[in-house]
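Next up, my_file_18.txt (compact mmCIF, C-alpha atoms and all ligand atoms):
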# COMPACT_ATOMS: atom_id res chain seq x y z
CA MET P 1434 0.00 0.00 0.00
CA LYS P 1435 2.89 2.35 0.77
CA ALA P 1436 4.07 2.17 -2.85
CA ASP P 1437 0.54 2.86 -4.11
CA GLU P 1438 0.33 6.00 -2.00
CA PHE P 1439 3.78 7.12 -3.06
CA TYR P 1440 2.96 6.96 -6.76
CA MET P 1441 -0.55 8.36 -6.29
CA ARG P 1442 0.99 11.33 -4.49
CA ARG P 1443 3.22 11.86 -7.53
CA ALA P 1444 0.14 11.65 -9.79
CA LEU P 1445 -1.63 14.25 -7.62
CA ARG P 1446 1.33 16.63 -7.95
CA LEU P 1447 1.23 16.22 -11.72
CA ALA P 1448 -2.55 16.76 -11.81
CA ARG P 1449 -2.22 20.18 -10.14
CA LYS P 1450 -0.16 21.41 -13.08
CA GLY P 1451 -3.38 21.55 -15.07
CA GLU P 1452 -5.07 23.98 -12.69
CA CYS P 1453 -6.31 27.14 -14.45
CA ARG P 1454 -6.41 25.50 -17.89
CA VAL P 1455 -8.56 22.35 -17.71
CA SER P 1456 -11.88 23.74 -16.47
CA PRO P 1457 -14.64 22.61 -16.72
CA ASN P 1458 -12.74 19.32 -16.93
CA PRO P 1459 -11.12 17.82 -13.83
CA MET P 1460 -7.41 17.98 -13.01
CA VAL P 1461 -5.96 14.51 -13.51
CA GLY P 1462 -2.47 13.04 -13.18
CA ALA P 1463 -1.15 9.61 -14.21
CA VAL P 1464 2.03 7.65 -13.48
CA ILE P 1465 3.08 4.36 -15.10
CA VAL P 1466 5.37 2.16 -13.00
CA LYS P 1467 7.15 -0.99 -14.19
CA ASP P 1468 9.64 -3.07 -12.23
CA GLY P 1469 9.69 -0.39 -9.53
CA ARG P 1470 10.59 2.44 -11.94
CA ILE P 1471 8.47 5.24 -13.36
CA ILE P 1472 8.39 4.69 -17.11
CA GLY P 1473 5.83 7.34 -18.04
CA GLU P 1474 3.80 10.13 -16.50
CA GLY P 1475 1.43 12.83 -17.61
CA PHE P 1476 -1.39 15.16 -16.69
CA HIS P 1477 -4.43 16.71 -18.32
CA ALA P 1478 -3.02 20.05 -19.43
CA CYS P 1479 -5.83 21.79 -21.25
CA CYS P 1480 -9.57 21.31 -21.79
CA GLY P 1481 -10.17 19.56 -25.13
CA GLU P 1482 -6.66 18.09 -25.27
CA ASN P 1483 -5.28 14.66 -24.31
CA HIS P 1484 -6.29 13.18 -20.99
CA ALA P 1485 -3.60 12.43 -18.40
CA GLU P 1486 -3.55 8.68 -19.18
CA VAL P 1487 -2.85 9.31 -22.87
CA ASN P 1488 -0.09 11.82 -22.10
CA ALA P 1489 1.53 9.30 -19.75
CA ILE P 1490 1.28 6.53 -22.35
CA GLU P 1491 2.67 8.70 -25.12
CA CYS P 1492 5.75 9.67 -23.16
CA ALA P 1493 6.40 6.16 -21.78
CA ILE P 1494 9.98 5.05 -22.35
CA GLU P 1495 9.03 1.35 -22.28
CA ASP P 1496 6.07 -0.81 -23.25
CA PRO P 1497 3.46 -0.31 -20.44
CA ALA P 1498 2.24 -3.92 -20.77
CA GLY P 1499 2.37 -5.55 -17.33
CA SER P 1500 2.84 -2.18 -15.57
CA GLN P 1501 1.11 -0.60 -12.56
CA PHE P 1502 -0.92 2.31 -13.94
CA TYR P 1503 -1.75 5.05 -11.40
CA VAL P 1504 -4.39 7.67 -12.14
CA THR P 1505 -6.03 10.16 -9.77
CA LEU P 1506 -9.50 9.87 -11.35
CA GLU P 1507 -11.29 6.90 -12.89
CA PRO P 1508 -10.41 6.61 -16.62
CA CYS P 1509 -13.21 7.76 -18.91
CA CYS P 1510 -15.17 5.21 -20.96
CA HIS P 1511 -17.15 7.58 -23.19
CA GLN P 1512 -16.35 9.42 -26.39
CA GLY P 1513 -15.97 13.10 -25.58
CA ARG P 1514 -13.69 15.54 -27.36
CA THR P 1515 -11.09 12.76 -27.08
CA PRO P 1516 -11.53 8.95 -27.38
CA PRO P 1517 -12.22 6.84 -24.24
CA CYS P 1518 -9.06 6.32 -22.16
CA VAL P 1519 -10.30 2.91 -21.03
CA GLU P 1520 -9.89 1.59 -24.59
CA ARG P 1521 -6.25 2.72 -24.66
CA LEU P 1522 -5.64 1.02 -21.32
CA ILE P 1523 -7.32 -2.23 -22.36
CA ALA P 1524 -5.17 -2.32 -25.50
CA LEU P 1525 -2.00 -1.74 -23.46
CA ARG P 1526 -2.73 -4.47 -20.90
CA PRO P 1527 -1.26 -3.02 -17.71
CA ALA P 1528 -1.16 -5.58 -14.86
CA ARG P 1529 -3.13 -3.29 -12.55
CA VAL P 1530 -4.83 0.10 -12.70
CA ILE P 1531 -4.81 2.05 -9.44
CA VAL P 1532 -7.44 4.79 -9.21
CA GLY P 1533 -7.78 7.63 -6.71
CA THR P 1534 -11.51 8.30 -6.98
CA ILE P 1535 -14.48 7.22 -9.06
CA ASP P 1536 -15.50 9.88 -11.61
CA PRO P 1537 -18.90 11.26 -10.50
CA ASN P 1538 -19.70 12.19 -14.11
CA PRO P 1539 -22.86 10.12 -14.80
CA LEU P 1540 -21.30 9.10 -18.14
CA VAL P 1541 -18.47 7.34 -16.26
CA SER P 1542 -19.33 6.71 -12.58
CA GLY P 1543 -17.83 3.23 -12.16
CA ARG P 1544 -18.20 2.13 -15.79
CA GLY P 1545 -14.53 2.77 -16.50
CA ILE P 1546 -13.50 0.43 -13.68
CA ALA P 1547 -16.09 -2.17 -14.75
CA ALA P 1548 -14.77 -2.13 -18.34
CA LEU P 1549 -11.17 -2.68 -17.17
CA GLU P 1550 -12.20 -5.56 -14.93
CA ALA P 1551 -14.35 -7.10 -17.67
CA HIS P 1552 -11.14 -7.31 -19.73
CA GLY P 1553 -9.25 -9.04 -16.93
CA ILE P 1554 -7.30 -5.99 -15.75
CA GLU P 1555 -7.01 -5.84 -11.96
CA THR P 1556 -8.07 -2.55 -10.39
CA THR P 1557 -7.55 -0.91 -7.01
CA VAL P 1558 -9.85 2.01 -6.21
CA GLY P 1559 -9.60 4.60 -3.42
CA VAL P 1560 -5.87 5.20 -2.96
CA LEU P 1561 -5.56 8.69 -1.37
CA ALA P 1562 -9.25 9.02 -2.20
CA ASP P 1563 -9.84 12.10 -0.01
CA ALA P 1564 -6.94 14.02 -1.52
CA CYS P 1565 -7.99 13.03 -5.04
CA ALA P 1566 -11.59 14.15 -4.40
CA ALA P 1567 -10.46 17.40 -2.75
CA LEU P 1568 -8.31 18.19 -5.76
CA ASN P 1569 -11.39 18.24 -7.94
CA GLU P 1570 -14.05 19.57 -5.58
CA ARG P 1571 -14.99 22.27 -8.13
CA PHE P 1572 -15.47 19.69 -10.89
CA PHE P 1573 -17.35 17.31 -8.57
CA LYS P 1574 -19.86 19.98 -7.51
CA PHE P 1575 -20.34 21.13 -11.11
CA ILE P 1576 -20.82 17.69 -12.60
CA GLN P 1577 -23.19 16.59 -9.83
CA THR P 1578 -25.39 19.72 -9.65
CA GLY P 1579 -24.90 21.60 -12.94
CA ARG P 1580 -24.03 24.64 -10.83
CA PRO P 1581 -20.63 26.21 -10.34
CA PHE P 1582 -18.58 25.72 -7.20
CA VAL P 1583 -18.77 28.99 -5.25
CA THR P 1584 -15.86 30.52 -3.36
CA LEU P 1585 -16.76 33.60 -1.31
CA LYS P 1586 -13.72 35.74 -0.57
CA PHE P 1587 -13.21 39.04 1.20
CA ALA P 1588 -10.52 40.97 3.05
CA GLN P 1589 -11.43 42.38 6.44
CA THR P 1590 -9.86 44.17 9.37
CA LEU P 1591 -9.49 42.36 12.67
CA ASP P 1592 -12.76 43.99 13.77
CA GLY P 1593 -14.66 42.53 10.82
CA ARG P 1594 -14.87 45.58 8.51
CA ILE P 1595 -14.43 45.45 4.74
CA ALA P 1596 -14.43 49.24 4.32
CA THR P 1597 -14.30 52.40 6.45
CA ARG P 1598 -17.44 54.37 7.31
CA THR P 1599 -16.94 56.33 4.06
CA GLY P 1600 -16.74 53.13 2.01
CA HIS P 1601 -12.95 53.38 1.51
CA SER P 1602 -11.33 49.94 1.32
CA ARG P 1603 -8.09 50.29 -0.62
CA TRP P 1604 -6.19 48.61 0.71
CA ILE P 1605 -7.24 46.64 3.73
CA SER P 1606 -4.79 43.85 3.06
CA SER P 1607 -1.11 43.80 2.13
CA HIS P 1608 0.47 43.41 -1.30
CA PRO P 1609 1.19 39.66 -0.81
CA SER P 1610 -2.54 39.20 -0.12
CA LEU P 1611 -3.35 41.04 -3.33
CA ARG P 1612 -1.14 38.60 -5.23
CA PHE P 1613 -2.95 35.77 -3.47
CA ALA P 1614 -6.31 37.27 -4.53
CA HIS P 1615 -5.14 37.28 -8.13
CA GLU P 1616 -3.94 33.67 -7.85
CA LEU P 1617 -7.39 32.78 -6.58
CA ARG P 1618 -9.05 34.63 -9.47
CA SER P 1619 -6.93 32.77 -12.00
CA THR P 1620 -8.24 29.43 -10.72
CA HIS P 1621 -11.91 30.35 -11.20
CA ASP P 1622 -13.98 30.56 -14.37
CA ALA P 1623 -15.85 33.68 -13.25
CA ILE P 1624 -15.53 36.44 -10.67
CA LEU P 1625 -18.65 38.12 -9.34
CA VAL P 1626 -19.26 41.41 -7.49
CA GLY P 1627 -22.22 43.67 -6.78
CA VAL P 1628 -22.66 46.97 -8.58
CA GLY P 1629 -22.04 48.74 -5.22
CA THR P 1630 -18.42 47.62 -5.36
CA VAL P 1631 -18.07 48.74 -8.97
CA ILE P 1632 -19.42 52.20 -8.06
CA ASN P 1633 -17.30 52.51 -4.91
CA ASP P 1634 -14.00 50.98 -5.93
CA ASP P 1635 -14.02 50.91 -9.74
CA PRO P 1636 -12.09 47.60 -9.74
CA GLU P 1637 -10.66 46.07 -12.89
CA LEU P 1638 -11.34 42.49 -11.72
CA THR P 1639 -8.50 41.01 -13.74
CA VAL P 1640 -5.50 38.84 -13.01
CA ARG P 1641 -2.60 41.28 -13.19
CA HIS P 1642 -0.22 40.40 -10.39
CA VAL P 1643 0.31 36.77 -11.38
CA ARG P 1644 0.38 34.83 -14.64
CA GLY P 1645 -2.96 33.32 -15.53
CA ARG P 1646 -6.13 33.72 -17.49
CA ASN P 1647 -8.75 36.34 -16.70
CA PRO P 1648 -12.06 34.95 -15.46
CA LEU P 1649 -15.39 36.17 -16.82
CA ARG P 1650 -16.37 39.30 -14.83
CA VAL P 1651 -19.97 39.14 -13.62
CA ILE P 1652 -21.67 42.21 -12.12
CA LEU P 1653 -25.00 42.05 -10.24
CA ASP P 1654 -26.87 45.16 -11.37
CA SER P 1655 -30.70 45.03 -11.31
CA THR P 1656 -31.22 48.60 -12.57
CA LEU P 1657 -28.15 48.93 -14.80
CA ARG P 1658 -26.65 51.71 -12.72
CA VAL P 1659 -23.09 50.66 -13.50
CA PRO P 1660 -21.23 53.88 -14.45
CA PRO P 1661 -20.37 53.87 -18.19
CA SER P 1662 -16.75 54.81 -17.40
CA SER P 1663 -16.23 51.80 -15.10
CA ARG P 1664 -13.05 49.83 -15.69
CA VAL P 1665 -14.97 46.54 -15.77
CA LEU P 1666 -16.70 47.78 -18.92
CA SER P 1667 -13.48 48.30 -20.82
CA ALA P 1668 -12.08 45.27 -22.58
CA ARG P 1669 -8.70 44.31 -21.24
CA ASP P 1670 -6.77 41.43 -22.75
CA ASP P 1671 -9.16 38.48 -22.72
CA ALA P 1672 -11.33 39.75 -19.82
CA ARG P 1673 -15.00 39.68 -20.76
CA THR P 1674 -17.84 41.19 -18.76
CA LEU P 1675 -21.39 40.04 -18.16
CA ILE P 1676 -23.92 42.27 -16.43
CA ALA P 1677 -26.64 40.26 -14.70
CA THR P 1678 -29.86 42.22 -14.48
CA VAL P 1679 -33.62 41.67 -14.23
CA GLY P 1680 -36.32 41.89 -16.91
CA ASN P 1681 -37.54 45.43 -16.23
CA ALA P 1682 -34.12 47.11 -16.54
CA ASP P 1683 -34.05 50.24 -18.74
CA PRO P 1684 -33.81 49.05 -22.40
CA GLU P 1685 -31.82 52.13 -23.45
CA LYS P 1686 -29.16 51.47 -20.78
CA ARG P 1687 -29.08 47.86 -21.88
CA ARG P 1688 -28.48 48.84 -25.52
CA ARG P 1689 -25.72 51.24 -24.50
CA LEU P 1690 -23.93 48.50 -22.60
CA GLU P 1691 -24.34 46.02 -25.42
CA ARG P 1692 -22.96 48.54 -27.91
CA ALA P 1693 -19.91 48.79 -25.66
CA GLY P 1694 -19.39 45.04 -26.12
CA VAL P 1695 -20.74 43.97 -22.75
CA GLU P 1696 -23.18 41.10 -22.48
CA VAL P 1697 -26.34 41.86 -20.51
CA LEU P 1698 -28.05 38.76 -19.15
CA THR P 1699 -31.63 38.84 -17.90
CA VAL P 1700 -32.09 36.75 -14.77
CA PRO P 1701 -35.37 36.17 -12.89
CA PRO P 1702 -35.69 38.50 -9.88
CA ASP P 1703 -35.51 37.36 -6.26
CA GLY P 1704 -38.17 38.32 -3.69
CA ALA P 1705 -36.64 41.80 -3.39
CA GLY P 1706 -36.69 42.40 -7.17
CA ARG P 1707 -32.92 41.93 -7.46
CA VAL P 1708 -30.98 39.43 -9.50
CA SER P 1709 -31.79 35.97 -8.15
CA LEU P 1710 -28.44 34.44 -7.24
CA PRO P 1711 -29.54 30.77 -7.45
CA HIS P 1712 -30.95 31.41 -10.94
CA LEU P 1713 -27.82 33.23 -12.03
CA LEU P 1714 -25.62 30.37 -10.83
CA GLY P 1715 -27.80 27.94 -12.78
CA LEU P 1716 -27.43 30.04 -15.93
CA LEU P 1717 -23.66 30.25 -15.48
CA GLY P 1718 -23.56 26.46 -15.06
CA GLU P 1719 -25.40 26.08 -18.38
CA ARG P 1720 -22.54 28.05 -19.95
CA ARG P 1721 -20.08 25.55 -18.47
CA ILE P 1722 -18.81 28.01 -15.88
CA SER P 1723 -17.78 25.48 -13.24
CA SER P 1724 -16.42 27.81 -10.56
CA VAL P 1725 -17.25 31.33 -9.41
CA LEU P 1726 -15.25 33.54 -7.06
CA ILE P 1727 -17.55 36.01 -5.29
CA GLU P 1728 -15.62 39.02 -4.04
CA GLY P 1729 -18.32 41.14 -2.40
CA GLY P 1730 -19.22 43.76 -1.33
CA ALA P 1731 -21.15 43.66 1.88
CA GLU P 1732 -24.67 43.22 0.53
CA VAL P 1733 -23.60 40.45 -1.81
CA ILE P 1734 -21.56 38.66 0.88
CA THR P 1735 -24.59 38.78 3.17
CA ARG P 1736 -27.03 37.48 0.53
CA VAL P 1737 -24.68 34.67 -0.50
CA LEU P 1738 -24.23 33.52 3.08
CA ALA P 1739 -27.93 33.91 3.95
CA ALA P 1740 -28.89 31.78 0.95
CA ARG P 1741 -26.20 29.18 1.78
CA LEU P 1742 -24.74 29.47 -1.69
CA ALA P 1743 -21.03 29.43 -0.80
CA ASP P 1744 -19.09 26.17 -0.81
CA ARG P 1745 -15.83 27.67 0.36
CA LEU P 1746 -15.11 30.82 2.34
CA VAL P 1747 -11.76 32.61 2.12
CA VAL P 1748 -11.25 35.46 4.57
CA VAL P 1749 -8.09 37.58 4.56
CA VAL P 1750 -7.72 39.17 8.01
CA ALA P 1751 -5.49 42.24 8.17
CA PRO P 1752 -3.98 43.20 11.55
CA LYS P 1753 -5.83 46.54 11.56
CA ILE P 1754 -8.76 48.03 13.45
CA ILE P 1755 -10.91 50.78 11.95
CA GLY P 1756 -13.90 50.90 14.27
CA ARG P 1757 -17.14 51.94 12.63
CA GLY P 1758 -17.28 50.94 8.97
CA THR P 1759 -18.91 48.50 6.58
CA GLU P 1760 -19.47 45.14 8.27
CA ALA P 1761 -18.26 42.23 6.17
CA VAL P 1762 -21.43 40.29 6.94
CA GLY P 1763 -24.73 42.03 7.62
CA ASP P 1764 -27.96 40.71 9.08
CA LEU P 1765 -28.44 37.00 8.45
CA GLY P 1766 -31.64 36.91 10.50
CA HIS P 1767 -30.08 34.73 13.17
CA ASP P 1768 -31.44 35.09 16.70
CA ARG P 1769 -29.87 32.05 18.28
CA MET P 1770 -26.37 30.57 18.25
CA GLU P 1771 -27.59 27.25 16.84
CA GLN P 1772 -28.56 29.17 13.68
CA ALA P 1773 -24.92 30.21 13.11
CA LEU P 1774 -23.43 29.16 9.82
CA PRO P 1775 -21.22 26.11 10.49
CA LEU P 1776 -17.71 26.38 9.05
CA THR P 1777 -14.83 23.91 9.03
CA LEU P 1778 -11.32 25.30 8.87
CA ARG P 1779 -9.38 23.67 6.07
CA ARG P 1780 -6.33 25.88 5.77
CA LEU P 1781 -4.62 28.73 7.55
CA ARG P 1782 -1.69 30.60 6.07
CA ARG P 1783 0.16 33.88 6.29
CA ARG P 1784 0.42 36.32 3.41
CA GLY P 1785 2.65 39.23 4.36
CA ARG P 1786 1.19 40.69 7.55
CA ASP P 1787 -2.21 39.11 6.92
CA THR P 1788 -3.71 35.77 7.91
CA VAL P 1789 -5.75 33.88 5.33
CA PHE P 1790 -8.47 31.57 6.65
CA GLU P 1791 -9.99 29.05 4.32
CA PHE P 1792 -13.18 27.28 5.38
CA THR P 1793 -15.60 24.75 4.00
CA VAL P 1794 -19.12 26.07 4.45
CA GLU P 1795 -21.10 23.17 5.85
CA LYS P 1796 -24.44 22.75 4.15
CA ASN P 1797 -27.43 23.54 6.31
CA PRO P 1798 -30.69 22.02 5.07
CA GLN P 1799 -32.68 25.04 6.31
CA PRO P 1800 -31.82 28.15 4.24
CA VAL P 1801 -32.68 31.40 6.01
N1 LIG P 1901 -12.64 44.29 1.58
C1 LIG P 1901 -13.16 43.58 0.60
O1 LIG P 1901 -12.80 42.44 0.38
C2 LIG P 1901 -14.19 44.21 -0.28
C3 LIG P 1901 -14.55 43.59 -1.47
C4 LIG P 1901 -15.55 44.16 -2.24
C5 LIG P 1901 -16.14 45.33 -1.82
N2 LIG P 1901 -15.74 45.93 -0.67
C6 LIG P 1901 -16.39 47.15 -0.20
O2 LIG P 1901 -17.78 46.90 -0.10
C7 LIG P 1901 -18.47 48.12 -0.34
C8 LIG P 1901 -19.57 47.83 -1.36
O3 LIG P 1901 -20.51 46.97 -0.79
P1 LIG P 1901 -22.06 47.23 -0.99
O4 LIG P 1901 -22.76 46.38 -0.02
O5 LIG P 1901 -22.29 48.69 -1.00
O6 LIG P 1901 -22.29 46.79 -2.48
P2 LIG P 1901 -22.17 45.37 -3.23
O7 LIG P 1901 -22.46 44.29 -2.30
O8 LIG P 1901 -20.91 45.36 -4.01
O9 LIG P 1901 -23.34 45.51 -4.28
C9 LIG P 1901 -24.66 45.49 -3.82
C10 LIG P 1901 -25.58 45.81 -4.94
O10 LIG P 1901 -25.62 44.75 -5.89
C11 LIG P 1901 -26.89 44.73 -6.50
N3 LIG P 1901 -27.47 43.39 -6.47
C12 LIG P 1901 -28.18 42.82 -7.46
N4 LIG P 1901 -28.62 41.63 -7.12
C13 LIG P 1901 -28.19 41.40 -5.87
C14 LIG P 1901 -28.36 40.31 -4.98
N5 LIG P 1901 -29.04 39.21 -5.31
N6 LIG P 1901 -27.83 40.40 -3.75
C15 LIG P 1901 -27.11 41.49 -3.38
N7 LIG P 1901 -26.91 42.56 -4.20
C16 LIG P 1901 -27.46 42.51 -5.44
C17 LIG P 1901 -27.77 45.66 -5.69
O11 LIG P 1901 -27.91 46.85 -6.43
P3 LIG P 1901 -29.20 46.98 -7.37
O12 LIG P 1901 -30.39 46.79 -6.48
O13 LIG P 1901 -29.07 48.30 -7.99
O14 LIG P 1901 -29.07 45.83 -8.32
C18 LIG P 1901 -26.99 45.95 -4.44
O15 LIG P 1901 -27.22 47.21 -3.90
C19 LIG P 1901 -17.47 49.12 -0.83
O16 LIG P 1901 -17.16 50.00 0.22
C20 LIG P 1901 -16.27 48.28 -1.19
O17 LIG P 1901 -15.07 49.00 -1.00
C21 LIG P 1901 -14.79 45.40 0.11

In structure tokens, how does this file's structure come out?
Amino acid sequence: MKADEFYMRRALRLARKGECRVSPNPMVGAVIVKDGRIIGEGFHACCGENHAEVNAIECAIEDPAGSQFYVTLEPCCHQGRTPPCVERLIALRPARVIVGTIDPNPLVSGRGIAALEAHGIETTVGVLADACAALNERFFKFIQTGRPFVTLKFAQTLDGRIATRTGHSRWISSHPSLRFAHELRSTHDAILVGVGTVINDDPELTVRHVRGRNPLRVILDSTLRVPPSSRVLSARDDARTLIATVGNADPEKRRRLERAGVEVLTVPPDGAGRVSLPHLLGLLGERRISSVLIEGGAEVITRVLAARLADRLVVVVAPKIIGRGTEAVGDLGHDRMEQALPLTLRRLRRRGRDTVFEFTVEKNPQPV
């Protein structure tokens, strides 16, 4: 078992190299071992291109027949943009295929393993299963629900403020935290803010401080009050913008935005007449947006938490106190402690002077 974990760990490291470029596909790594030596390895590098198994096979320095074939996710058995990996494996006849997790994609979901076994290839499933599943939590949520994985992120002072009493928030956190924020953006398909943040801060919402692709910029704006001079409306590199609004928004404002090259998407309203977040997430999922980073501001953070829409919470805490100001989280309608949103700490790290908390938001069956 020790050897299985060793090589699966190597496959996991390889898989992570595909982050930022494989979405909405999963990150996958593969390692081929023969006579105790690695003879081939690969990872899924880009959506639409070779899967990890094929890359490992194609760079193998020896015939993989009789080998131990490690892969972090169950090999696919359906024709997608590339042929089924299971067929390649069956043709190669490895002695054993060792899999991290079953692929929750209904088109695969155990069929890949069954096909290998039906052809007499031994399989071992579940090596470093938790780590392999955690690696692809965004893909797993997307493929199982059709909705993107939601990360809610904000930077706050030690006393829980995301802006001063005048709305000034630049910068709460340090430069290393800003780089971290851009790293986080580059790993998501879309980034979402409320129009209040656009009006207050005029952010660009791009990935500038690190290498990486720009996510789709999504602005919640029920009445199309986004200022025409806003930086999010100007095209920058590959950064595209989508304004999510409701049906009764001013048609002239809509046309003006569309003429400026911005997509305006009509979303059903929520009970308050604003953009319904669950509907918007569903529509983004239909466009194969598999992950969304929500960056605020206060009203949006509060609505996302109240509706239990966040899967992961990332809070950058700066060692500063500003007293009265904008609370990061407003009224959630909780009167009793047992109503508190349950969080599980998954990671704690330092970025410059700041502390970054990363939590899983536990699902509560009773939305507020
Ligand atoms: N420190 C940080 O990490 C951070 C990050 C971002 C922002 N901020 C700060 O936060 C402040 C802005 O926050 P804010 O609360 O004024 O504005 P906001 O949360 O950015 O935007 C709120 C606006 O979004 C629109 N909206 C549409 N649908 C919505 C929905 N379903 N739920 C919530 N909002 C929806 C609403 O305007 P309509 O009704 O017109 O549609 C609403 O007023 C600024 O001071 C900014 O500096 C801090």

Between atom CA of P:Leu1666 and atom CA of P:Asp1744, distance in Å (one decimal):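 Atom-to-atom, atom CA of P:Leu1666 to atom CA of P:Asp1744, that is 28.3 Å.
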
Contacts with ligand LIG 1901 (chain P) at most 6 Å, all atoms listed in the file counted, listed as a PyMOL selection string: chain P and resi 1587-1589+1595-1596+1600-1602+1626-1630+1633-1634+1653-1656+1707-1710+1728-1733+1736

Å distance separating atom CA of P:Ile1523 from atom CA of P:Arg1442, one decimal place: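 Going from atom CA of P:Ile1523 over to atom CA of P:Arg1442 covers 23.9 Å.
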
Separation of atom CA of P:Ala1448 from atom CA of P:Val1461 in Å: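 We find that atom CA of P:Val1461 and atom CA of P:Ala1448 lie 4.4 Å from each other.
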
Nearest residue to P:Arg1673 from the set P:Ile1754, P:Ile1624, P:Val1466, P:Val1794 (distances using all atoms listed in the file): P:Ile1624

Within 12 Å of file point (-4.5, -2.3, -16.3), counting all atoms listed in the file, expressed as a PyMOL selection string: chain P and resi 1465-1467+1486+1497-1504+1507-1508+1518-1532+1545-1557

Go ahead and fit an axis-aligned box to every listed atom of stretch 1530-1536 of chain P plus 4 Å each side, and pass me the centre and edge lengths in Å, one decimal, as lines of an AutoDock Vina configuration file.
center_x = -10.2
center_y = 5.0
center_z = -9.7
size_x = 18.7
size_y = 17.8
size_z = 14.0

Counting all atoms listed in the file, the option among P:Thr1534, P:Gly1475, P:Gly1704, P:Leu1774 closest to P:Gly1559: P:Thr1534

Sel. within 12 Å of pt (-21.0, 44.7, -28.6), counting only C-alpha atoms, output as a list in words: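 Protein and nucleic acid residues near the point are Leu1666, Ser1667, Ala1668, Arg1673, Thr1674, Leu1675, Arg1687, Arg1688, Arg1689, Leu1690, Glu1691, Arg1692, Ala1693, Gly1694, Val1695, Glu1696 and Val1697 of chain P.
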
For the contact check between stretch 1556-1648 of chain P and stretch 1779-1791 of chain P, emit one row per residue of stretch 1556-1648 of chain P within 9 Å, containing the shortest atom pair and the distance in Å rounded to one decimal, counting all atoms listed in the file, chain then rising number order, as a tab-separated table.
residue	atom	partner	partner_atom	distance
P:Ala1588	CA	P:Val1789	CA	8.8
P:Ser1606	CA	P:Asp1787	CA	6.6
P:Ser1607	CA	P:Gly1785	CA	6.3
P:His1608	CA	P:Gly1785	CA	7.4
P:Pro1609	CA	P:Gly1785	CA	5.4
P:Ser1610	CA	P:Arg1784	CA	5.4
P:Phe1613	CA	P:Arg1784	CA	7.7

Hey, can you spit out that residue selection with C-alpha atoms as a PDB file, keeping the file's coordinate frame?
ATOM      1  CA  ALA P1588     -10.520  40.970   3.050  1.00  0.00           C
ATOM      2  CA  SER P1606      -4.790  43.850   3.060  1.00  0.00           C
ATOM      3  CA  SER P1607      -1.110  43.800   2.130  1.00  0.00           C
ATOM      4  CA  HIS P1608       0.470  43.410  -1.300  1.00  0.00           C
ATOM      5  CA  PRO P1609       1.190  39.660  -0.810  1.00  0.00           C
ATOM      6  CA  SER P1610      -2.540  39.200  -0.120  1.00  0.00           C
ATOM      7  CA  PHE P1613      -2.950  35.770  -3.470  1.00  0.00           C
TER       8      PHE P1613
END

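For the set P:Ala1567, P:Cys1453, P:Ala1436, P:Leu1713, the residue with the smallest atom-to-atom gap to P:Pro1648 is P:Cys1453, counting only C-alpha atoms.
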